[in-house]
file work_5.cif (mmCIF, C-alpha atoms)
data_structure
loop_
_atom_site.label_atom_id
_atom_site.label_comp_id
_atom_site.auth_asym_id
_atom_site.auth_seq_id
_atom_site.Cartn_x
_atom_site.Cartn_y
_atom_site.Cartn_z
CA MET P 1 78.56 7.30 -10.68
CA ALA P 2 75.71 7.59 -8.28
CA GLN P 3 75.07 4.70 -5.99
CA THR P 4 71.64 3.18 -6.16
CA THR P 5 70.06 2.08 -2.98
CA GLU P 6 68.02 -1.08 -3.31
CA THR P 7 64.70 -1.06 -1.63
CA PRO P 8 64.21 -4.27 0.30
CA ALA P 9 61.33 -6.39 -0.96
CA ARG P 10 58.18 -5.82 1.06
CA THR P 11 56.68 -8.80 2.74
CA PRO P 12 53.08 -9.13 1.59
CA GLU P 13 50.64 -8.24 4.34
CA LYS P 14 48.20 -10.87 5.49
CA ALA P 15 44.70 -10.14 4.33
CA PRO P 16 42.44 -9.50 7.31
CA ARG P 17 40.26 -12.41 8.20
CA ARG P 18 36.76 -11.89 6.94
CA ARG P 19 34.33 -12.40 9.77
CA VAL P 20 30.89 -13.80 9.14
CA HIS P 21 28.43 -10.91 9.20
CA ARG P 22 26.18 -10.81 12.26
CA ALA P 23 23.14 -10.82 9.95
CA TRP P 24 23.73 -14.50 9.22
CA PHE P 25 23.62 -15.34 12.95
CA VAL P 26 20.35 -13.41 13.27
CA ALA P 27 19.00 -15.36 10.30
CA ALA P 28 20.09 -18.62 11.95
CA VAL P 29 18.30 -17.76 15.21
CA THR P 30 15.21 -16.77 13.23
CA PHE P 31 15.36 -20.10 11.39
CA VAL P 32 15.48 -22.08 14.65
CA THR P 33 12.68 -19.96 16.13
CA ILE P 34 10.37 -20.59 13.19
CA ILE P 35 11.12 -24.31 13.41
CA GLY P 36 10.04 -24.31 17.06
CA ALA P 37 6.83 -22.45 16.26
CA ALA P 38 6.16 -24.76 13.27
CA ALA P 39 5.72 -27.75 15.56
CA PHE P 40 2.07 -26.88 16.16
CA ALA P 41 1.42 -26.52 12.43
CA SER P 42 2.34 -30.20 12.09
CA LEU P 43 -0.38 -31.32 14.50
CA PRO P 44 -3.88 -30.51 13.08
CA GLY P 45 -3.94 -33.19 10.37
CA LEU P 46 -2.85 -35.81 12.90
CA LEU P 47 -5.58 -34.99 15.45
CA ILE P 48 -8.72 -35.00 13.29
CA GLU P 49 -9.28 -38.76 13.58
CA PRO P 50 -8.29 -39.12 17.30
CA LEU P 51 -10.51 -36.20 18.34
CA HIS P 52 -13.38 -37.52 16.20
CA GLU P 53 -13.09 -40.95 17.83
CA GLU P 54 -12.66 -39.76 21.45
CA PHE P 55 -15.20 -36.93 21.59
CA ASP P 56 -17.46 -37.86 18.64
CA TRP P 57 -17.04 -34.35 17.24
CA SER P 58 -17.76 -34.08 13.52
CA ARG P 59 -14.90 -33.37 11.12
CA GLY P 60 -16.65 -30.10 10.31
CA THR P 61 -16.47 -29.06 13.97
CA ILE P 62 -12.78 -29.93 14.21
CA GLY P 63 -12.20 -28.25 10.85
CA PHE P 64 -13.86 -25.09 12.23
CA ALA P 65 -11.34 -24.94 15.10
CA VAL P 66 -8.53 -25.34 12.56
CA SER P 67 -10.07 -22.60 10.40
CA VAL P 68 -10.20 -20.19 13.37
CA ASN P 69 -6.54 -20.94 14.03
CA LEU P 70 -5.57 -20.34 10.40
CA ALA P 71 -7.64 -17.17 10.06
CA LEU P 72 -6.24 -15.61 13.25
CA TYR P 73 -2.75 -16.68 12.20
CA GLY P 74 -3.18 -14.52 9.12
CA LEU P 75 -5.12 -11.61 10.59
CA THR P 76 -2.61 -11.20 13.42
CA ALA P 77 0.39 -11.04 11.07
CA PRO P 78 0.14 -7.39 9.90
CA PHE P 79 -0.40 -6.15 13.46
CA ALA P 80 2.53 -8.29 14.63
CA ALA P 81 4.78 -6.66 12.02
CA ALA P 82 3.72 -3.22 13.29
CA LEU P 83 4.20 -4.35 16.92
CA MET P 84 7.74 -5.43 16.04
CA ASP P 85 8.39 -1.89 14.80
CA ARG P 86 6.99 -0.50 18.08
CA PHE P 87 8.29 -2.89 20.77
CA GLY P 88 11.05 -4.83 18.99
CA ILE P 89 11.27 -8.28 17.47
CA ARG P 90 12.53 -10.05 20.60
CA ARG P 91 9.66 -9.03 22.87
CA VAL P 92 6.91 -9.80 20.37
CA VAL P 93 8.33 -13.19 19.39
CA ALA P 94 9.04 -14.28 23.00
CA VAL P 95 5.46 -13.46 24.05
CA ALA P 96 4.06 -15.19 20.95
CA LEU P 97 5.95 -18.41 21.67
CA THR P 98 4.70 -18.40 25.27
CA ILE P 99 1.08 -18.02 24.07
CA ILE P 100 1.53 -20.91 21.61
CA SER P 101 2.87 -23.09 24.42
CA ALA P 102 0.01 -22.20 26.78
CA GLY P 103 -2.69 -22.81 24.16
CA SER P 104 -1.24 -26.16 23.18
CA VAL P 105 -0.86 -27.52 26.70
CA LEU P 106 -4.38 -26.40 27.70
CA THR P 107 -5.90 -28.68 25.05
CA VAL P 108 -4.83 -31.64 27.19
CA TRP P 109 -7.66 -30.88 29.66
CA MET P 110 -10.41 -29.91 27.19
CA THR P 111 -13.74 -31.71 27.29
CA ALA P 112 -15.94 -29.61 24.96
CA ALA P 113 -15.70 -28.39 21.39
CA TRP P 114 -15.72 -24.71 22.40
CA GLN P 115 -12.52 -25.32 24.36
CA LEU P 116 -10.89 -26.72 21.22
CA VAL P 117 -11.87 -23.52 19.39
CA LEU P 118 -10.57 -21.33 22.25
CA TYR P 119 -7.27 -23.09 22.97
CA TRP P 120 -6.36 -24.47 19.58
CA GLY P 121 -8.13 -21.87 17.47
CA VAL P 122 -7.81 -18.56 19.32
CA LEU P 123 -4.73 -18.80 21.57
CA VAL P 124 -2.47 -20.75 19.24
CA GLY P 125 -3.82 -18.79 16.26
CA LEU P 126 -2.87 -15.46 17.87
CA GLY P 127 0.54 -16.74 18.97
CA SER P 128 1.46 -18.37 15.69
CA GLY P 129 0.20 -15.31 13.79
CA SER P 130 2.81 -13.23 15.57
CA MET P 131 5.36 -15.83 14.48
CA ALA P 132 4.11 -15.74 10.89
CA LEU P 133 6.08 -15.07 7.74
CA ALA P 134 5.84 -11.33 8.50
CA PHE P 135 8.50 -12.12 11.15
CA ALA P 136 10.79 -13.51 8.44
CA ALA P 137 10.04 -10.52 6.19
CA THR P 138 10.85 -8.06 9.00
CA VAL P 139 14.17 -9.73 9.81
CA THR P 140 15.12 -9.91 6.13
CA ASN P 141 14.22 -6.26 5.44
CA ARG P 142 16.21 -4.98 8.44
CA TRP P 143 19.31 -7.15 8.30
CA PHE P 144 19.83 -7.79 4.58
CA VAL P 145 20.16 -5.66 1.46
CA ALA P 146 22.03 -8.23 -0.63
CA ARG P 147 20.79 -11.84 -0.80
CA ARG P 148 17.29 -10.92 0.33
CA GLY P 149 15.63 -13.44 -1.97
CA LEU P 150 17.88 -16.26 -0.81
CA VAL P 151 17.42 -15.43 2.89
CA THR P 152 13.65 -15.15 2.43
CA GLY P 153 13.67 -18.61 0.86
CA ILE P 154 15.74 -20.07 3.69
CA LEU P 155 13.54 -18.57 6.43
CA THR P 156 10.37 -19.61 4.64
CA ALA P 157 11.77 -23.14 4.42
CA ALA P 158 12.14 -23.14 8.22
CA GLY P 159 8.43 -23.89 8.55
CA ALA P 160 8.84 -26.93 6.33
CA SER P 161 11.91 -27.96 8.32
CA GLY P 162 9.83 -27.85 11.49
CA GLN P 163 7.28 -30.06 9.78
CA LEU P 164 10.08 -32.41 8.77
CA VAL P 165 11.47 -32.55 12.32
CA PHE P 166 8.19 -32.93 14.21
CA LEU P 167 5.76 -34.84 11.95
CA PRO P 168 7.32 -38.31 12.28
CA LEU P 169 7.71 -37.88 16.05
CA LEU P 170 4.20 -36.51 16.55
CA SER P 171 2.57 -39.17 14.36
CA TRP P 172 4.40 -41.88 16.35
CA LEU P 173 3.23 -40.34 19.63
CA VAL P 174 -0.39 -40.09 18.42
CA GLU P 175 -0.32 -43.68 17.13
CA HIS P 176 1.26 -45.26 20.24
CA HIS P 177 0.46 -42.94 23.17
CA GLY P 178 -2.51 -40.81 22.09
CA TRP P 179 -2.86 -37.18 21.07
CA ARG P 180 -2.20 -35.61 24.50
CA PRO P 181 1.56 -36.38 24.68
CA ALA P 182 1.84 -34.94 21.17
CA ALA P 183 0.17 -31.68 22.31
CA VAL P 184 2.54 -31.45 25.30
CA THR P 185 5.55 -32.03 23.03
CA VAL P 186 4.48 -29.12 20.85
CA ALA P 187 4.08 -26.87 23.90
CA LEU P 188 7.57 -27.74 25.15
CA ALA P 189 9.10 -27.17 21.69
CA ALA P 190 7.68 -23.64 21.50
CA LEU P 191 8.77 -22.84 25.06
CA ALA P 192 12.31 -24.17 24.50
CA VAL P 193 12.97 -21.58 21.79
CA VAL P 194 12.22 -18.54 24.01
CA PRO P 195 15.73 -18.34 25.61
CA PHE P 196 17.36 -18.40 22.14
CA VAL P 197 15.18 -15.51 21.02
CA TRP P 198 15.81 -13.41 24.13
CA LEU P 199 19.57 -13.96 24.33
CA LEU P 200 20.64 -14.10 20.68
CA LEU P 201 18.16 -12.18 18.53
CA ARG P 202 18.70 -8.45 17.92
CA ASP P 203 16.10 -6.06 16.60
CA HIS P 204 18.24 -3.96 14.26
CA PRO P 205 21.84 -3.90 12.89
CA ALA P 206 22.39 -0.52 14.60
CA ASP P 207 21.94 -2.30 17.98
CA VAL P 208 25.37 -3.83 17.42
CA ARG P 209 26.78 -0.88 15.42
CA LEU P 210 26.68 -2.70 12.10
CA ALA P 211 25.40 -1.99 8.61
CA PRO P 212 22.91 -4.49 7.16
CA TYR P 213 24.48 -7.19 5.04
CA GLY P 214 25.30 -5.67 1.65
CA GLY P 215 24.14 -2.19 2.67
CA GLU P 216 25.26 1.01 4.37
CA TYR P 217 25.08 1.82 8.07
CA ALA P 218 21.96 3.61 9.23
CA GLU P 219 20.84 4.62 12.71
CA LYS P 220 18.06 2.61 14.25
CA PRO P 221 14.71 4.31 13.56
CA ALA P 222 12.68 5.49 16.52
CA PRO P 223 9.89 3.16 17.69
CA VAL P 224 6.74 3.68 15.66
CA PRO P 225 3.78 4.39 17.98
CA GLY P 226 0.23 3.33 17.20
CA ALA P 227 0.96 -0.15 15.85
CA ALA P 228 -2.68 -1.00 15.16
CA ARG P 229 -3.35 2.34 13.51
CA ARG P 230 -0.27 2.02 11.32
CA ALA P 231 -1.26 -1.49 10.21
CA VAL P 232 -4.71 -0.25 9.20
CA THR P 233 -3.32 2.88 7.51
CA VAL P 234 -0.90 0.80 5.45
CA LEU P 235 -3.78 -1.50 4.47
CA LEU P 236 -5.89 1.48 3.32
CA LYS P 237 -3.02 2.78 1.18
CA ALA P 238 -2.23 -0.60 -0.32
CA ALA P 239 -5.89 -1.44 -0.92
CA ARG P 240 -6.11 1.46 -3.38
CA THR P 241 -3.64 -0.27 -5.69
CA GLY P 242 -4.39 -3.15 -8.06
CA PRO P 243 -1.30 -5.24 -7.28
CA PHE P 244 -2.40 -5.60 -3.66
CA TRP P 245 -5.63 -7.34 -4.62
CA LEU P 246 -3.92 -9.58 -7.15
CA LEU P 247 -1.28 -10.56 -4.59
CA ALA P 248 -3.88 -11.08 -1.86
CA GLY P 249 -6.19 -13.09 -4.13
CA SER P 250 -3.47 -15.36 -5.48
CA PHE P 251 -2.00 -15.87 -2.01
CA ALA P 252 -5.46 -16.77 -0.65
CA ILE P 253 -5.52 -19.57 -3.23
CA CYS P 254 -1.99 -20.52 -2.16
CA GLY P 255 -3.19 -20.94 1.43
CA ALA P 256 -6.30 -22.84 0.35
CA SER P 257 -4.24 -25.35 -1.64
CA THR P 258 -1.53 -25.89 1.02
CA ASN P 259 -2.28 -25.26 4.71
CA GLY P 260 -6.05 -25.47 4.35
CA LEU P 261 -6.15 -28.54 2.16
CA VAL P 262 -3.02 -30.70 2.16
CA LYS P 263 -1.63 -29.93 5.61
CA THR P 264 -5.04 -30.31 7.28
CA HIS P 265 -6.76 -33.04 5.23
CA PHE P 266 -4.10 -35.12 3.47
CA VAL P 267 -3.56 -37.51 6.39
CA PRO P 268 -7.28 -38.25 6.99
CA ALA P 269 -7.89 -38.47 3.20
CA ALA P 270 -5.08 -41.01 2.82
CA HIS P 271 -6.39 -42.88 5.86
CA ASP P 272 -9.82 -43.06 4.16
CA HIS P 273 -8.11 -45.08 1.42
CA GLY P 274 -6.59 -47.49 3.95
CA MET P 275 -3.15 -45.90 4.39
CA PRO P 276 -1.82 -46.00 7.99
CA VAL P 277 -1.63 -42.61 9.72
CA THR P 278 2.12 -42.93 10.30
CA ALA P 279 2.71 -43.61 6.59
CA ALA P 280 0.59 -40.63 5.54
CA ALA P 281 2.36 -38.40 8.07
CA GLY P 282 5.68 -39.66 6.74
CA LEU P 283 4.66 -38.53 3.25
CA LEU P 284 3.88 -35.06 4.60
CA ALA P 285 7.32 -35.02 6.19
CA VAL P 286 8.86 -35.86 2.81
CA ILE P 287 6.94 -32.90 1.37
CA GLY P 288 8.77 -30.88 4.02
CA VAL P 289 12.15 -32.17 2.79
CA PHE P 290 11.54 -31.10 -0.79
CA ASP P 291 9.84 -27.90 0.31
CA VAL P 292 13.15 -26.80 1.84
CA VAL P 293 14.90 -27.43 -1.49
CA GLY P 294 12.13 -25.77 -3.52
CA THR P 295 11.81 -22.70 -1.33
CA VAL P 296 15.54 -21.99 -1.10
CA ALA P 297 15.79 -22.47 -4.88
CA SER P 298 12.82 -20.14 -5.32
CA GLY P 299 14.62 -17.47 -3.29
CA TRP P 300 17.66 -17.87 -5.55
CA PHE P 301 15.45 -17.65 -8.67
CA THR P 302 13.70 -14.56 -7.28
CA ASP P 303 17.02 -12.70 -7.16
CA ARG P 304 17.48 -13.44 -10.87
CA PHE P 305 14.11 -13.77 -12.66
CA SER P 306 10.76 -12.00 -12.81
CA PRO P 307 8.78 -12.84 -9.65
CA ARG P 308 5.52 -12.50 -11.62
CA ARG P 309 6.48 -15.25 -14.04
CA LEU P 310 7.81 -17.43 -11.24
CA LEU P 311 4.48 -17.19 -9.40
CA ALA P 312 2.52 -18.07 -12.54
CA VAL P 313 4.65 -21.18 -13.11
CA TYR P 314 4.41 -22.27 -9.46
CA TYR P 315 0.61 -21.98 -9.30
CA ALA P 316 0.06 -23.68 -12.64
CA LEU P 317 2.22 -26.67 -11.70
CA ARG P 318 0.57 -26.97 -8.28
CA GLY P 319 -2.89 -26.98 -9.86
CA VAL P 320 -1.96 -29.80 -12.24
CA SER P 321 -0.56 -31.91 -9.41
CA LEU P 322 -3.73 -31.53 -7.28
CA LEU P 323 -5.96 -32.65 -10.15
CA PHE P 324 -4.07 -35.96 -10.25
CA LEU P 325 -4.00 -36.59 -6.48
CA PRO P 326 -7.43 -38.32 -6.08
CA MET P 327 -6.27 -41.01 -8.54
CA LEU P 328 -3.08 -41.62 -6.56
CA LEU P 329 -4.47 -42.23 -3.05
CA ALA P 330 -4.20 -45.94 -2.12
CA PRO P 331 -3.66 -48.19 0.92
CA SER P 332 0.10 -48.28 0.35
CA VAL P 333 2.77 -45.89 -0.90
CA HIS P 334 3.58 -46.47 -4.59
CA PRO P 335 5.90 -44.72 -7.09
CA PRO P 336 3.30 -42.36 -8.64
CA MET P 337 2.38 -41.12 -5.14
CA LEU P 338 6.07 -40.54 -4.35
CA PHE P 339 6.38 -38.57 -7.58
CA PHE P 340 3.45 -36.38 -6.49
CA ILE P 341 4.99 -35.86 -3.05
CA VAL P 342 8.32 -34.74 -4.53
CA PHE P 343 6.70 -32.56 -7.20
CA TYR P 344 4.22 -30.95 -4.81
CA GLY P 345 6.84 -30.52 -2.10
CA LEU P 346 9.12 -28.50 -4.38
CA ASP P 347 6.19 -26.12 -4.95
CA TRP P 348 4.72 -26.03 -1.40
CA VAL P 349 5.71 -22.50 -0.36
CA ALA P 350 7.98 -21.62 -3.26
CA THR P 351 5.43 -18.83 -3.83
CA VAL P 352 6.60 -16.90 -0.75
CA PRO P 353 9.93 -15.38 -1.94
CA PRO P 354 8.48 -13.90 -5.18
CA THR P 355 5.39 -12.66 -3.30
CA ILE P 356 7.56 -10.88 -0.71
CA ALA P 357 9.71 -9.49 -3.54
CA LEU P 358 6.63 -8.04 -5.27
CA CYS P 359 5.45 -6.48 -1.97
CA ARG P 360 8.90 -4.93 -1.58
CA GLU P 361 8.84 -3.61 -5.17
CA HIS P 362 5.46 -1.95 -4.77
CA TYR P 363 5.35 -0.90 -1.11
CA GLY P 364 8.94 -0.21 0.02
CA GLU P 365 9.33 0.41 3.76
CA ASP P 366 5.76 -0.72 4.39
CA SER P 367 6.33 -4.01 2.58
CA ALA P 368 6.54 -6.18 5.73
CA ILE P 369 3.14 -4.91 6.93
CA VAL P 370 1.63 -5.17 3.44
CA PHE P 371 2.93 -8.73 3.23
CA GLY P 372 1.31 -9.31 6.62
CA TRP P 373 -2.07 -8.39 5.07
CA VAL P 374 -1.34 -10.52 2.01
CA LEU P 375 -0.49 -13.36 4.40
CA ALA P 376 -3.80 -12.71 6.16
CA SER P 377 -5.57 -13.45 2.87
CA HIS P 378 -3.44 -16.61 2.57
CA GLN P 379 -4.70 -17.80 5.94
CA VAL P 380 -8.31 -16.80 5.28
CA GLY P 381 -8.16 -18.95 2.15
CA ALA P 382 -6.61 -21.74 4.19
CA ALA P 383 -9.28 -21.38 6.89
CA ALA P 384 -12.11 -21.55 4.35
CA VAL P 385 -10.83 -24.79 2.83
CA ALA P 386 -9.92 -26.33 6.22
CA PHE P 387 -13.58 -25.93 7.20
CA ALA P 388 -15.03 -26.73 3.74
CA GLY P 389 -12.86 -29.82 3.43
CA GLY P 390 -14.20 -31.24 6.69
CA VAL P 391 -17.79 -30.44 5.69
CA ALA P 392 -17.27 -31.97 2.23
CA ARG P 393 -15.97 -35.17 3.83
CA ASP P 394 -19.01 -35.30 6.16
CA VAL P 395 -21.47 -34.68 3.28
CA PHE P 396 -19.94 -36.61 0.36
CA GLY P 397 -17.89 -39.19 2.22
CA THR P 398 -14.84 -38.19 0.16
CA TYR P 399 -12.42 -35.31 -0.33
CA ASP P 400 -12.31 -35.59 -4.14
CA VAL P 401 -14.42 -32.51 -4.90
CA VAL P 402 -12.08 -30.34 -2.78
CA TRP P 403 -8.96 -31.57 -4.60
CA TYR P 404 -10.47 -30.78 -8.00
CA ALA P 405 -11.75 -27.36 -6.94
CA SER P 406 -8.35 -26.41 -5.53
CA GLY P 407 -6.64 -27.44 -8.76
CA ALA P 408 -8.94 -25.14 -10.73
CA LEU P 409 -8.33 -22.26 -8.30
CA CYS P 410 -4.56 -22.62 -8.78
CA ALA P 411 -5.03 -22.05 -12.52
CA ALA P 412 -6.84 -18.78 -11.68
CA ALA P 413 -3.97 -17.78 -9.36
CA ALA P 414 -1.46 -18.30 -12.19
CA LEU P 415 -3.40 -15.87 -14.39
CA MET P 416 -3.62 -13.32 -11.56
CA ALA P 417 0.15 -13.40 -11.07
CA LEU P 418 0.79 -12.69 -14.74
CA VAL P 419 -1.26 -9.48 -14.76
CA ILE P 420 0.40 -7.82 -11.74
CA SER P 421 1.67 -4.48 -13.00
CA ARG P 422 5.10 -2.92 -12.63
CA PRO P 423 5.56 -0.88 -9.42
CA ARG P 424 4.70 2.79 -9.20
CA THR P 425 6.96 5.24 -7.45
CA GLU P 426 4.32 6.53 -5.08
CA LEU P 427 1.22 5.21 -3.42
CA PRO P 428 -1.95 7.27 -3.20
CA SER P 429 -2.84 8.28 0.33
CA PRO P 430 -6.29 7.42 1.65
CA ALA P 431 -8.55 10.32 2.43
CA GLY P 432 -7.90 11.67 5.89
CA ALA P 433 -4.74 9.58 6.43
#

call {"tool": "encode", "arguments": {"input": "work_5.cif", "output": "structure tokens"}}
result
Amino acid sequence: MAQTTETPARTPEKAPRRRVHRAWFVAAVTFVTIIGAAAFASLPGLLIEPLHEEFDWSRGTIGFAVSVNLALYGLTAPFAAALMDRFGIRRVVAVALTIISAGSVLTVWMTAAWQLVLYWGVLVGLGSGSMALAFAATVTNRWFVARRGLVTGILTAAGASGQLVFLPLLSWLVEHHGWRPAAVTVALAALAVVPFVWLLLRDHPADVRLAPYGGEYAEKPAPVPGAARRAVTVLLKAARTGPFWLLAGSFAICGASTNGLVKTHFVPAAHDHGMPVTAAAGLLAVIGVFDVVGTVASGWFTDRFSPRRLLAVYYALRGVSLLFLPMLLAPSVHPPMLFFIVFYGLDWVATVPPTIALCREHYGEDSAIVFGWVLASHQVGAAAVAFAGGVARDVFGTYDVVWYASGALCAAAALMALVISRPRTELPSPAGA
């Protein structure tokens, strides 16, 4: 009888510890960076009344400086995305934050309206444009394959988080110490983020020999020369497609109904009805709280549902809320106003993740630059309403007509989103490109 040899039981091996992918650290640094840059975006609505009282500048004049800032913010974005491909994310973002800081601190010594336009409009507009959502789109496209919608939502929400962090502080400073300490605070916030960017941010997963999250390893592409030419070439290609114009048009309305209108004019409009500036600024900060929730949720929805339908729903709901706002403004905060703040906050920039997703569907590797141009239209829309809102207040003594017009425009944006076609496999090339 043959002897059987028993094999000793094998001790189960310990599963290797799963390390957090480096992409999430890059996303975290990007989030903090956008928060630092968002500090200045919290300031315009708080300074309209103080600048009007100190320098006797009209609201239209101040609104013009804001409109220059918003327009340059948008027009710089596509070139910034191309510059990031040429020189790297770290260099472009570090320089942009330094420009924002310089422009903000220079406003402390201004004495004429043209200086407001130069410092606040041009310098900060150029710097913040290089820190625009194209930055978030570039980081997401390079470092993530899986969870792109969610990460886009989180990074988009960073702007709202910056608003949440800085608005109460800045409104308190303006109320108790004047607008100059608030401008210096913004400058220091932007400058404080530069070391984080330089030391912790990396341009591409291949820099640390990693694959993007959820994807396969690929060598870092060579720097793309001719950043300005590439940005224009991509625009010419995209402009020959219908979806580009529908995305740009609807996103222009998005900017008009958020940054141009509510972020710039909500505080002075509420103050017109007797509400203290600090209370109105606090309501904007609450919008920032719910914007974080809404934008992250929108990123999650974008991974699962049609981005076209999501955009249509978001714009329609925003339009309805704006039509009711003039009836809700009062000297004190009451429940219907809080309901508006929560409802509007959930929708504030929930449009960004599905818009980026549609750019990615239609324009592939060029999607970050195309989104930069779409963002430019967003800011041009914002600039137009920032200026028009100030003029309307000077002419009519009220903002009501601007609220109603923006509500109607949002209905048009909802229809535009619904008719965006399915992506084609190839884009036509412009003649001579």

call {"tool": "residues_around", "arguments": {"input": "work_5.cif", "residues": "Arg142 (chain P)", "least_positions_apart": "3", "cutoff": "8 Å", "atoms": "only C-alpha atoms", "output": "PyMOL selection string"}}
result
chain P and resi 138-139+204-205+212

call {"tool": "residues_around", "arguments": {"input": "work_5.cif", "residues": "Leu51 (chain P)", "least_positions_apart": "3", "cutoff": "10 Å", "atoms": "all atoms listed in the file", "output": "PyMOL selection string"}}
result
chain P and resi 46-48+54-59+62+113+116+178-179

call {"tool": "residues_around", "arguments": {"input": "work_5.cif", "residues": "Val66 (chain P)", "least_positions_apart": "2", "cutoff": "9 Å", "atoms": "all atoms listed in the file", "output": "NGL selection string"}}
result
:P and (44 or 61-64 or 68-71 or 117 or 120-121 or 125 or 260 or 264 or 383 or 386-387)

call {"tool": "resolve_selection", "arguments": {"input": "work_5.cif", "expression": "the PyMOL selection byres ((chain P and resi 150) around 8)", "output": "PyMOL selection string"}}
result
chain P and resi 147-149+151-154+296-300+302-303

call {"tool": "write_last_selection", "arguments": {"input": "work_5.cif", "atoms": "C-alpha atoms", "output": "PDB file, in the frame of the given file"}}
result
ATOM      1  CA  ARG P 147      20.790 -11.840  -0.800  1.00  0.00           C
ATOM      2  CA  ARG P 148      17.290 -10.920   0.330  1.00  0.00           C
ATOM      3  CA  GLY P 149      15.630 -13.440  -1.970  1.00  0.00           C
ATOM      4  CA  VAL P 151      17.420 -15.430   2.890  1.00  0.00           C
ATOM      5  CA  THR P 152      13.650 -15.150   2.430  1.00  0.00           C
ATOM      6  CA  GLY P 153      13.670 -18.610   0.860  1.00  0.00           C
ATOM      7  CA  ILE P 154      15.740 -20.070   3.690  1.00  0.00           C
ATOM      8  CA  VAL P 296      15.540 -21.990  -1.100  1.00  0.00           C
ATOM      9  CA  ALA P 297      15.790 -22.470  -4.880  1.00  0.00           C
ATOM     10  CA  SER P 298      12.820 -20.140  -5.320  1.00  0.00           C
ATOM     11  CA  GLY P 299      14.620 -17.470  -3.290  1.00  0.00           C
ATOM     12  CA  TRP P 300      17.660 -17.870  -5.550  1.00  0.00           C
ATOM     13  CA  THR P 302      13.700 -14.560  -7.280  1.00  0.00           C
ATOM     14  CA  ASP P 303      17.020 -12.700  -7.160  1.00  0.00           C
TER      15      ASP P 303
END

call {"tool": "residues_around", "arguments": {"input": "work_5.cif", "residues": "Ala248 (chain P)", "least_positions_apart": "4", "cutoff": "9 Å", "atoms": "all atoms listed in the file", "output": "list in words"}}
result
Pro243, Phe244, Ala252, Ile253, Phe371, Trp373, Val374, Leu375, Ala376, Ser377 and His378 of chain P

call {"tool": "resolve_selection", "arguments": {"input": "work_5.cif", "expression": "the PyMOL selection byres ((chain P and resi 369) around 9)", "output": "PyMOL selection string"}}
result
chain P and resi 77-82+134+137-138+230-231+234-235+365-368+370-374

call {"tool": "closest_residue", "arguments": {"input": "work_5.cif", "among": "P:Arg318, P:Arg202, P:Lys220, P:His21", "to": "Asp347 (chain P)", "atoms": "all atoms listed in the file"}}
result
P:Arg318

call {"tool": "build_atoms", "arguments": {"input": "work_5.cif", "residues": "region 79-87 of chain P", "atoms": "N, CA, C and O atoms", "output": "PDB file, in the coordinates of the input"}}
result
ATOM      1  N   PHE P  79      -0.528  -6.866  12.194  1.00  0.00           N
ATOM      2  CA  PHE P  79      -0.400  -6.150  13.460  1.00  0.00           C
ATOM      3  C   PHE P  79       0.885  -6.563  14.169  1.00  0.00           C
ATOM      4  O   PHE P  79       1.522  -5.741  14.838  1.00  0.00           O
ATOM      5  N   ALA P  80       1.278  -7.838  14.024  1.00  0.00           N
ATOM      6  CA  ALA P  80       2.530  -8.290  14.630  1.00  0.00           C
ATOM      7  C   ALA P  80       3.714  -7.575  14.014  1.00  0.00           C
ATOM      8  O   ALA P  80       4.658  -7.181  14.711  1.00  0.00           O
ATOM      9  N   ALA P  81       3.687  -7.375  12.681  1.00  0.00           N
ATOM     10  CA  ALA P  81       4.780  -6.660  12.020  1.00  0.00           C
ATOM     11  C   ALA P  81       4.878  -5.226  12.545  1.00  0.00           C
ATOM     12  O   ALA P  81       5.966  -4.707  12.789  1.00  0.00           O
ATOM     13  N   ALA P  82       3.710  -4.577  12.738  1.00  0.00           N
ATOM     14  CA  ALA P  82       3.720  -3.220  13.290  1.00  0.00           C
ATOM     15  C   ALA P  82       4.172  -3.220  14.750  1.00  0.00           C
ATOM     16  O   ALA P  82       4.881  -2.311  15.189  1.00  0.00           O
ATOM     17  N   LEU P  83       3.760  -4.252  15.521  1.00  0.00           N
ATOM     18  CA  LEU P  83       4.200  -4.350  16.920  1.00  0.00           C
ATOM     19  C   LEU P  83       5.715  -4.538  17.008  1.00  0.00           C
ATOM     20  O   LEU P  83       6.355  -4.035  17.936  1.00  0.00           O
ATOM     21  N   MET P  84       6.286  -5.256  16.052  1.00  0.00           N
ATOM     22  CA  MET P  84       7.740  -5.430  16.040  1.00  0.00           C
ATOM     23  C   MET P  84       8.446  -4.098  15.803  1.00  0.00           C
ATOM     24  O   MET P  84       9.525  -3.851  16.345  1.00  0.00           O
ATOM     25  N   ASP P  85       7.829  -3.228  14.994  1.00  0.00           N
ATOM     26  CA  ASP P  85       8.390  -1.890  14.800  1.00  0.00           C
ATOM     27  C   ASP P  85       8.276  -1.060  16.079  1.00  0.00           C
ATOM     28  O   ASP P  85       9.120  -0.205  16.356  1.00  0.00           O
ATOM     29  N   ARG P  86       7.234  -1.311  16.870  1.00  0.00           N
ATOM     30  CA  ARG P  86       6.990  -0.500  18.080  1.00  0.00           C
ATOM     31  C   ARG P  86       7.764  -1.022  19.290  1.00  0.00           C
ATOM     32  O   ARG P  86       8.408  -0.260  20.001  1.00  0.00           O
ATOM     33  N   PHE P  87       7.726  -2.336  19.537  1.00  0.00           N
ATOM     34  CA  PHE P  87       8.290  -2.890  20.770  1.00  0.00           C
ATOM     35  C   PHE P  87       9.549  -3.737  20.524  1.00  0.00           C
ATOM     36  O   PHE P  87      10.198  -4.140  21.496  1.00  0.00           O
TER      37      PHE P  87
END
